[in-house]
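Text of start.txt, listed as compact mmCIF, C-alpha atoms:
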```txt
# COMPACT_ATOMS: atom_id res chain seq x y z
CA MET A 1 -30.45 -24.63 18.68
CA LYS A 2 -32.27 -22.95 21.53
CA PHE A 3 -32.52 -19.16 21.29
CA THR A 4 -31.82 -17.38 24.59
CA PRO A 5 -31.72 -13.69 25.51
CA CYS A 6 -27.96 -13.99 25.99
CA SER A 7 -27.42 -15.41 22.49
CA GLY A 8 -29.76 -12.76 21.08
CA LEU A 9 -27.73 -10.01 22.72
CA THR A 10 -24.51 -11.53 21.38
CA PHE A 11 -26.03 -11.71 17.90
CA ALA A 12 -27.16 -8.08 18.08
CA LEU A 13 -23.80 -6.83 19.34
CA LYS A 14 -21.84 -8.80 16.75
CA TYR A 15 -23.80 -7.74 13.70
CA GLY A 16 -24.58 -4.31 15.10
CA SER A 17 -20.87 -3.57 15.41
CA LEU A 18 -20.30 -4.80 11.84
CA ILE A 19 -23.09 -2.59 10.50
CA LEU A 20 -21.75 0.39 12.46
CA GLY A 21 -18.23 -0.16 11.16
CA CYS A 22 -19.46 -0.43 7.55
CA THR A 23 -21.56 2.72 7.97
CA VAL A 24 -18.67 4.75 9.38
CA THR A 25 -16.47 3.57 6.50
CA LEU A 26 -18.96 4.03 3.67
CA ILE A 27 -20.48 7.42 4.60
CA PRO A 28 -17.32 9.45 3.72
CA LEU A 29 -17.01 7.53 0.44
CA LEU A 30 -20.65 8.25 -0.35
CA LEU A 31 -20.20 11.97 0.34
CA ILE A 32 -17.12 12.07 -1.91
CA PHE A 33 -18.98 10.26 -4.69
CA LEU A 34 -21.95 12.67 -4.52
CA ALA A 35 -19.74 15.77 -4.35
CA ALA A 36 -17.77 14.67 -7.42
CA PHE A 37 -20.86 15.26 -9.60
CA LYS A 38 -21.74 18.70 -8.22
CA SER A 39 -20.80 22.06 -9.69
CA ASP A 40 -19.01 24.67 -7.62
CA GLN A 41 -22.22 26.54 -6.78
CA GLU A 42 -24.16 23.36 -6.12
CA PHE A 43 -21.43 22.04 -3.81
CA TYR A 44 -21.51 25.10 -1.54
CA ASN A 45 -25.26 25.80 -1.67
CA THR A 46 -26.77 22.34 -1.15
CA PRO A 47 -26.66 19.90 1.80
CA VAL A 48 -23.80 17.44 1.79
CA PHE A 49 -26.13 14.44 1.51
CA SER A 50 -28.17 15.92 -1.34
CA VAL A 51 -28.20 14.10 -4.66
CA PRO A 52 -26.52 15.98 -7.55
CA ASN A 53 -28.72 17.53 -10.20
CA SER A 54 -27.15 15.25 -12.78
CA PHE A 55 -24.80 12.29 -12.59
CA LEU A 56 -23.71 13.17 -16.12
CA PHE A 57 -21.88 16.30 -14.94
CA LEU A 58 -18.28 15.18 -15.61
CA GLN A 59 -16.48 18.52 -15.67
CA ASN A 60 -14.95 17.88 -12.25
CA TYR A 61 -13.42 14.64 -13.52
CA ILE A 62 -12.04 16.40 -16.60
CA ASP A 63 -10.54 19.20 -14.48
CA ALA A 64 -9.05 16.73 -12.02
CA PHE A 65 -7.52 14.55 -14.72
CA THR A 66 -6.10 17.41 -16.80
CA GLY A 67 -5.40 20.14 -14.26
CA GLY A 68 -4.00 17.69 -11.71
CA LEU A 69 -1.79 15.98 -14.30
CA MET A 70 -3.17 12.68 -13.06
CA LEU A 71 -2.03 10.73 -16.14
CA GLN A 72 1.54 11.75 -15.39
CA GLY A 73 0.93 10.97 -11.73
CA PHE A 74 -0.26 7.46 -12.63
CA ALA A 75 2.85 6.93 -14.77
CA ASN A 76 5.25 8.07 -12.03
CA THR A 77 3.40 6.02 -9.43
CA ALA A 78 3.57 2.93 -11.67
CA ILE A 79 7.34 3.31 -12.07
CA ILE A 80 7.85 3.68 -8.32
CA LEU A 81 5.54 0.73 -7.62
CA VAL A 82 7.28 -1.66 -10.03
CA PHE A 83 10.84 -0.99 -8.89
CA SER A 84 10.03 -0.59 -5.18
CA CYS A 85 7.89 -3.72 -4.91
CA THR A 86 10.42 -5.77 -6.87
CA GLY A 87 13.22 -4.61 -4.60
CA THR A 88 11.18 -5.21 -1.45
CA ILE A 89 10.30 -8.76 -2.49
CA LEU A 90 13.87 -9.67 -3.43
CA ILE A 91 15.54 -8.07 -0.41
CA GLY A 92 12.87 -9.25 2.02
CA SER A 93 12.81 -12.85 0.78
CA MET A 94 16.61 -13.05 0.71
CA THR A 95 16.83 -11.66 4.24
CA ALA A 96 14.22 -14.11 5.48
CA TYR A 97 15.99 -16.97 3.67
CA VAL A 98 19.29 -16.20 5.41
CA LEU A 99 17.70 -15.76 8.84
CA SER A 100 15.66 -18.94 8.46
CA ARG A 101 18.19 -21.30 6.88
CA PHE A 102 21.60 -20.20 8.19
CA SER A 103 22.84 -20.29 11.77
CA PHE A 104 25.50 -17.67 12.44
CA ARG A 105 26.68 -15.67 15.39
CA PHE A 106 24.75 -12.49 14.66
CA ASN A 107 21.47 -14.08 13.57
CA ALA A 108 19.60 -12.97 16.69
CA VAL A 109 21.23 -9.53 16.54
CA VAL A 110 20.07 -8.94 12.98
CA SER A 111 16.52 -10.01 13.85
CA ALA A 112 16.56 -7.68 16.87
CA LEU A 113 17.76 -4.78 14.71
CA PHE A 114 14.79 -5.24 12.38
CA LEU A 115 12.45 -5.04 15.34
CA LEU A 116 14.33 -2.02 16.70
CA ALA A 117 14.03 -0.23 13.37
CA ALA A 118 10.26 -0.80 13.44
CA LEU A 119 10.02 0.85 16.88
CA VAL A 120 11.86 4.03 15.84
CA PRO A 121 9.43 6.68 14.50
CA SER A 122 10.26 7.36 10.86
CA VAL A 123 9.76 11.10 11.29
CA SER A 124 12.66 11.21 13.78
CA THR A 125 15.10 10.07 11.07
CA GLN A 126 13.89 12.34 8.27
CA VAL A 127 16.63 14.94 8.73
CA ALA A 128 19.38 12.35 8.30
CA THR A 129 17.47 10.66 5.48
CA PHE A 130 17.03 13.96 3.64
CA GLN A 131 20.75 14.71 3.98
CA ILE A 132 21.66 11.29 2.57
CA ILE A 133 19.29 11.68 -0.39
CA SER A 134 20.69 15.15 -1.11
CA ALA A 135 24.29 13.92 -0.86
CA LEU A 136 23.51 11.15 -3.37
CA GLY A 137 22.13 13.73 -5.79
CA LEU A 138 18.70 12.11 -5.82
CA PHE A 139 16.65 15.02 -4.50
CA ASN A 140 13.85 15.99 -6.88
CA LYS A 141 14.37 12.74 -8.79
CA ILE A 142 12.12 9.72 -8.98
CA GLY A 143 15.00 7.54 -7.83
CA SER A 144 14.75 8.99 -4.32
CA ASN A 145 11.28 7.49 -3.83
CA ILE A 146 12.34 4.18 -5.33
CA ILE A 147 15.30 3.82 -2.98
CA LEU A 148 13.35 4.89 0.09
CA ASN A 149 10.51 2.48 -0.68
CA MET A 150 12.76 -0.32 -1.87
CA GLY A 151 14.19 -0.90 1.59
CA THR A 152 12.62 -3.94 3.15
CA ASP A 153 10.44 -3.73 6.24
CA VAL A 154 9.69 -5.91 9.23
CA ILE A 155 6.26 -6.95 7.95
CA SER A 156 7.60 -8.40 4.70
CA VAL A 157 10.47 -10.18 6.46
CA TYR A 158 8.05 -11.58 9.05
CA ILE A 159 5.63 -12.86 6.40
CA PHE A 160 8.44 -14.50 4.43
CA LEU A 161 9.88 -16.02 7.62
CA GLN A 162 6.55 -17.60 8.55
CA PHE A 163 6.27 -19.24 5.14
CA LEU A 164 9.91 -20.36 5.13
CA ASN A 165 9.47 -22.03 8.51
CA GLY A 166 6.78 -24.19 6.89
CA ILE A 167 9.01 -25.28 3.99
CA PRO A 168 10.90 -28.50 4.89
CA ARG A 169 14.67 -28.18 5.11
CA ASP A 170 14.87 -31.58 3.42
CA LEU A 171 14.28 -29.83 0.10
CA ASP A 172 17.39 -27.71 0.66
CA GLU A 173 19.49 -30.71 1.66
CA ALA A 174 18.32 -32.75 -1.33
CA ALA A 175 19.17 -29.89 -3.67
CA LEU A 176 22.63 -29.50 -2.08
CA MET A 177 23.31 -33.20 -2.59
CA ASP A 178 22.41 -32.77 -6.26
CA GLY A 179 25.04 -30.07 -6.56
CA ALA A 180 22.82 -26.98 -6.37
CA SER A 181 24.23 -23.80 -4.86
CA PHE A 182 22.45 -21.73 -2.22
CA LEU A 183 21.51 -19.22 -4.91
CA ASP A 184 20.01 -22.02 -7.02
CA ILE A 185 18.02 -23.25 -4.01
CA TYR A 186 16.68 -19.76 -3.38
CA ARG A 187 15.86 -19.12 -7.03
CA LYS A 188 14.46 -22.51 -8.06
CA ILE A 189 12.95 -23.87 -4.84
CA ILE A 190 12.36 -21.19 -2.20
CA LEU A 191 11.12 -18.34 -4.39
CA PRO A 192 8.45 -20.38 -6.26
CA LEU A 193 7.14 -21.79 -2.96
CA LEU A 194 6.84 -18.25 -1.57
CA THR A 195 4.26 -17.22 -4.20
CA PRO A 196 1.39 -16.69 -1.69
CA ALA A 197 3.69 -14.66 0.57
CA ILE A 198 4.96 -12.64 -2.39
CA ALA A 199 1.37 -11.84 -3.41
CA THR A 200 0.58 -10.71 0.14
CA VAL A 201 3.68 -8.51 0.45
CA LEU A 202 3.08 -7.11 -3.03
CA ILE A 203 -0.44 -6.00 -2.16
CA ILE A 204 0.45 -4.58 1.26
CA LYS A 205 3.53 -2.72 -0.01
CA GLY A 206 1.79 -1.60 -3.19
CA VAL A 207 -1.14 -0.06 -1.36
CA ALA A 208 1.23 1.72 1.05
CA ILE A 209 3.25 3.22 -1.82
CA TYR A 210 0.13 4.12 -3.81
CA ASN A 211 -1.33 6.02 -0.85
CA ASP A 212 1.95 7.61 0.27
CA PHE A 213 1.81 11.41 0.15
CA TYR A 214 4.63 12.49 2.45
CA THR A 215 7.60 10.92 0.64
CA PRO A 216 6.90 12.17 -2.92
CA PHE A 217 5.77 15.55 -1.61
CA LEU A 218 9.05 16.03 0.30
CA TYR A 219 11.57 14.47 -2.08
CA MET A 220 9.97 15.18 -5.49
CA PRO A 221 8.52 18.71 -5.34
CA GLY A 222 9.45 19.54 -8.93
CA LYS A 223 6.86 19.97 -11.65
CA GLY A 224 6.25 16.79 -13.61
CA LEU A 225 7.44 14.55 -10.79
CA GLY A 226 4.18 14.27 -8.88
CA THR A 227 2.53 10.97 -8.04
CA ILE A 228 -1.14 10.14 -7.94
CA SER A 229 -1.28 11.08 -4.25
CA THR A 230 0.24 14.54 -4.75
CA SER A 231 -1.76 15.36 -7.89
CA LEU A 232 -4.82 16.31 -5.84
CA PHE A 233 -2.76 18.81 -3.82
CA ARG A 234 -2.64 21.09 -6.86
CA PHE A 235 -6.27 22.10 -6.25
CA ILE A 236 -5.57 23.45 -2.76
CA GLY A 237 -4.45 27.07 -2.57
CA PRO A 238 -3.69 29.46 0.28
CA TYR A 239 -7.17 30.98 0.17
CA ASN A 240 -9.45 28.38 -1.35
CA ALA A 241 -9.74 24.72 -2.28
CA HIS A 242 -11.69 23.18 -5.15
CA TRP A 243 -13.24 20.42 -3.08
CA GLU A 244 -15.61 19.18 -5.78
CA VAL A 245 -12.65 18.67 -8.15
CA ILE A 246 -10.64 17.03 -5.38
CA CYS A 247 -13.54 14.64 -4.73
CA ALA A 248 -13.60 13.72 -8.41
CA GLY A 249 -9.85 13.09 -8.27
CA VAL A 250 -10.29 10.91 -5.20
CA VAL A 251 -12.85 8.79 -7.05
CA ILE A 252 -10.40 8.40 -9.94
CA THR A 253 -7.62 7.28 -7.58
CA ILE A 254 -9.90 4.82 -5.78
CA ILE A 255 -10.99 2.97 -8.93
CA PRO A 256 -7.64 1.19 -9.68
CA THR A 257 -7.14 0.03 -6.10
CA LEU A 258 -10.76 -1.13 -5.87
CA ILE A 259 -10.45 -3.21 -9.04
CA ILE A 260 -7.14 -4.74 -7.94
CA PHE A 261 -8.53 -5.54 -4.49
CA LEU A 262 -11.61 -7.26 -5.91
CA PHE A 263 -9.43 -9.53 -8.04
CA LEU A 264 -6.68 -10.20 -5.47
CA GLN A 265 -8.51 -10.14 -2.14
CA LYS A 266 -8.25 -13.93 -1.71
CA TYR A 267 -4.45 -13.65 -1.79
CA ILE A 268 -4.52 -11.04 0.97
CA TYR A 269 -6.66 -13.13 3.30
CA ASN A 270 -5.05 -16.46 2.45
CA GLY A 271 -1.52 -15.10 2.64
CA LEU A 272 -1.97 -13.43 6.01
CA THR A 273 -3.84 -16.42 7.44
CA GLN A 274 -1.33 -18.98 6.22
CA GLY A 275 1.55 -16.80 7.41
CA ALA A 276 0.06 -16.57 10.90
CA VAL A 277 -0.62 -20.33 11.08
CA ARG A 278 2.81 -21.30 9.82
```
As a first step, turn the structure in this file into structure tokens.
Amino acid sequence: MKFTPCSGLTFALKYGSLILGCTVTLIPLLLIFLAAFKSDQEFYNTPVFSVPNSFLFLQNYIDAFTGGLMLQGFANTAIILVFSCTGTILIGSMTAYVLSRFSFRFNAVVSALFLLAALVPSVSTQVATFQIISALGLFNKIGSNIILNMGTDVISVYIFLQFLNGIPRDLDEAALMDGASFLDIYRKIILPLLTPAIATVLIIKGVAIYNDFYTPFLYMPGKGLGTISTSLFRFIGPYNAHWEVICAGVVITIIPTLIIFLFLQKYIYNGLTQGAVR
């Protein structure tokens, strides 16, 4: 392959942009990691890029875990994740199954309503949503977050639809001829074949719920109801913030998602790619 100035410029721009993007992403994480091992005095009196005096200084992690009630936050987050992701997968896959396999008068209308809901800013509906949650008696209860997160979204329906369009209808017809009901077809045929899509939706929805601060902060302000995202807010006061402790808490919250991503990253890439191709 002949090397030309044009190809060299393309090579430099391509990999230069990748290096720049990685640098912009990793520098804040590096600063947080370094600050998590600094004492209060060291944090305010040394440069931000300076190396801590000791990487064995773990008091910030202890304060973040105990003072921020992070263990309780992990437990509440796990409960919300399990029920919300399960509901999203079931509702989203059932909705996609109906839209993909059944022809009825309002099929196009329902699909358009999903798109319309995605275009409406969520903040514009918060007053009505808050009134509904209060009327149901779910305010300051973990059930409020589960219900709000359990509702399906356009992304999950779209991913399931793309996979369903690639599943032959002959499987449905053969099952119907054998006496299977539509529920049996969904449960025994469609749902197992949607495993890659389910993994993709599970990861996308799970990360969104894990990182969500607004919903638990607004609907679960009571003590003992915090999630992992609101635990760090306890170290911010009206006059001061314990940034070194917050940085240690951020490192603690990053570790689970980093481990899960390293093990499940192939499902994210494969699921999104296959969904786009189908």
Shortest interatomic distance to Ser231 of chain A - which of A:Leu58, A:Ala118, A:Val48, A:Leu69, counting only C-alpha atoms: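 Closest to Ser231 of chain A, using only C-alpha atoms: A:Leu69.
Distance-wise, atom CA of Ile228 of chain A and atom CA of Asn211 of chain A end up 8.2 Å apart.
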A:Phe49, A:Glu42, A:Ile198, A:Thr125 ranked by distance to Ile27 of chain A, top pick (using only C-alpha atoms):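 The answer is A:Phe49, which sits nearest to Ile27 of chain A.
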Residue with smallest distance to Ile209 of chain A - pool A:Thr46, A:Asn165, A:Asn76, A:Asn107, counting all atoms listed in the file: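 Smallest distance to Ile209 of chain A is found for A:Asn76.
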Pick from A:Val120, A:Leu9, A:Ala174, A:Ala248, whichever lies nearest to Ser39 of chain A using only C-alpha atoms: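 Comparing A:Val120, A:Leu9, A:Ala174, A:Ala248 against Ser39 of chain A, the winner is A:Ala248.
Look at Pro28 of chain A: the protein and nucleic acid residues within 12 Å of it, using only C-alpha atoms and passing over chain neighbours fewer than 3 places away, are Cys22, Thr23, Val24, Thr25, Leu31, Ile32, Phe33, Leu34, Ala35, Val48, Phe49, Cys247, Val250 and Val251 of chain A.
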A:Phe104, A:Tyr158, A:Phe213, A:Tyr186 ranked by distance to Val201 of chain A, top pick (using only C-alpha atoms): A:Tyr158
Atomic separation - atom CA of Leu119 of chain A relative to atom CA of Gly87 of chain A, Å: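 Taking atom CA of Gly87 of chain A and atom CA of Leu119 of chain A, their separation equals 22.4 Å.
Those residues positioned at most 12 Å from (-2.0, 12.4, -16.3) are Tyr61, Ile62, Asp63, Ala64, Phe65, Thr66, Gly67, Gly68, Leu69, Met70, Leu71, Gln72, Gly73, Phe74, Ala75, Asn76, Thr77, Ala78, Gly224, Leu225, Gly226, Thr227, Ile228, Thr230, Ser231, Leu232, Gly249, Ile252 and Thr253 of chain A, judged using only C-alpha atoms.
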Length of the atom CA of Arg101 of chain A to atom CA of Leu148 of chain A vector [Å]: 27.5 Å
Shortest interatomic distance to Gln59 of chain A - which of A:Val245, A:Ile159, A:Ile91, A:Leu258, counting all atoms listed in the file: A:Val245
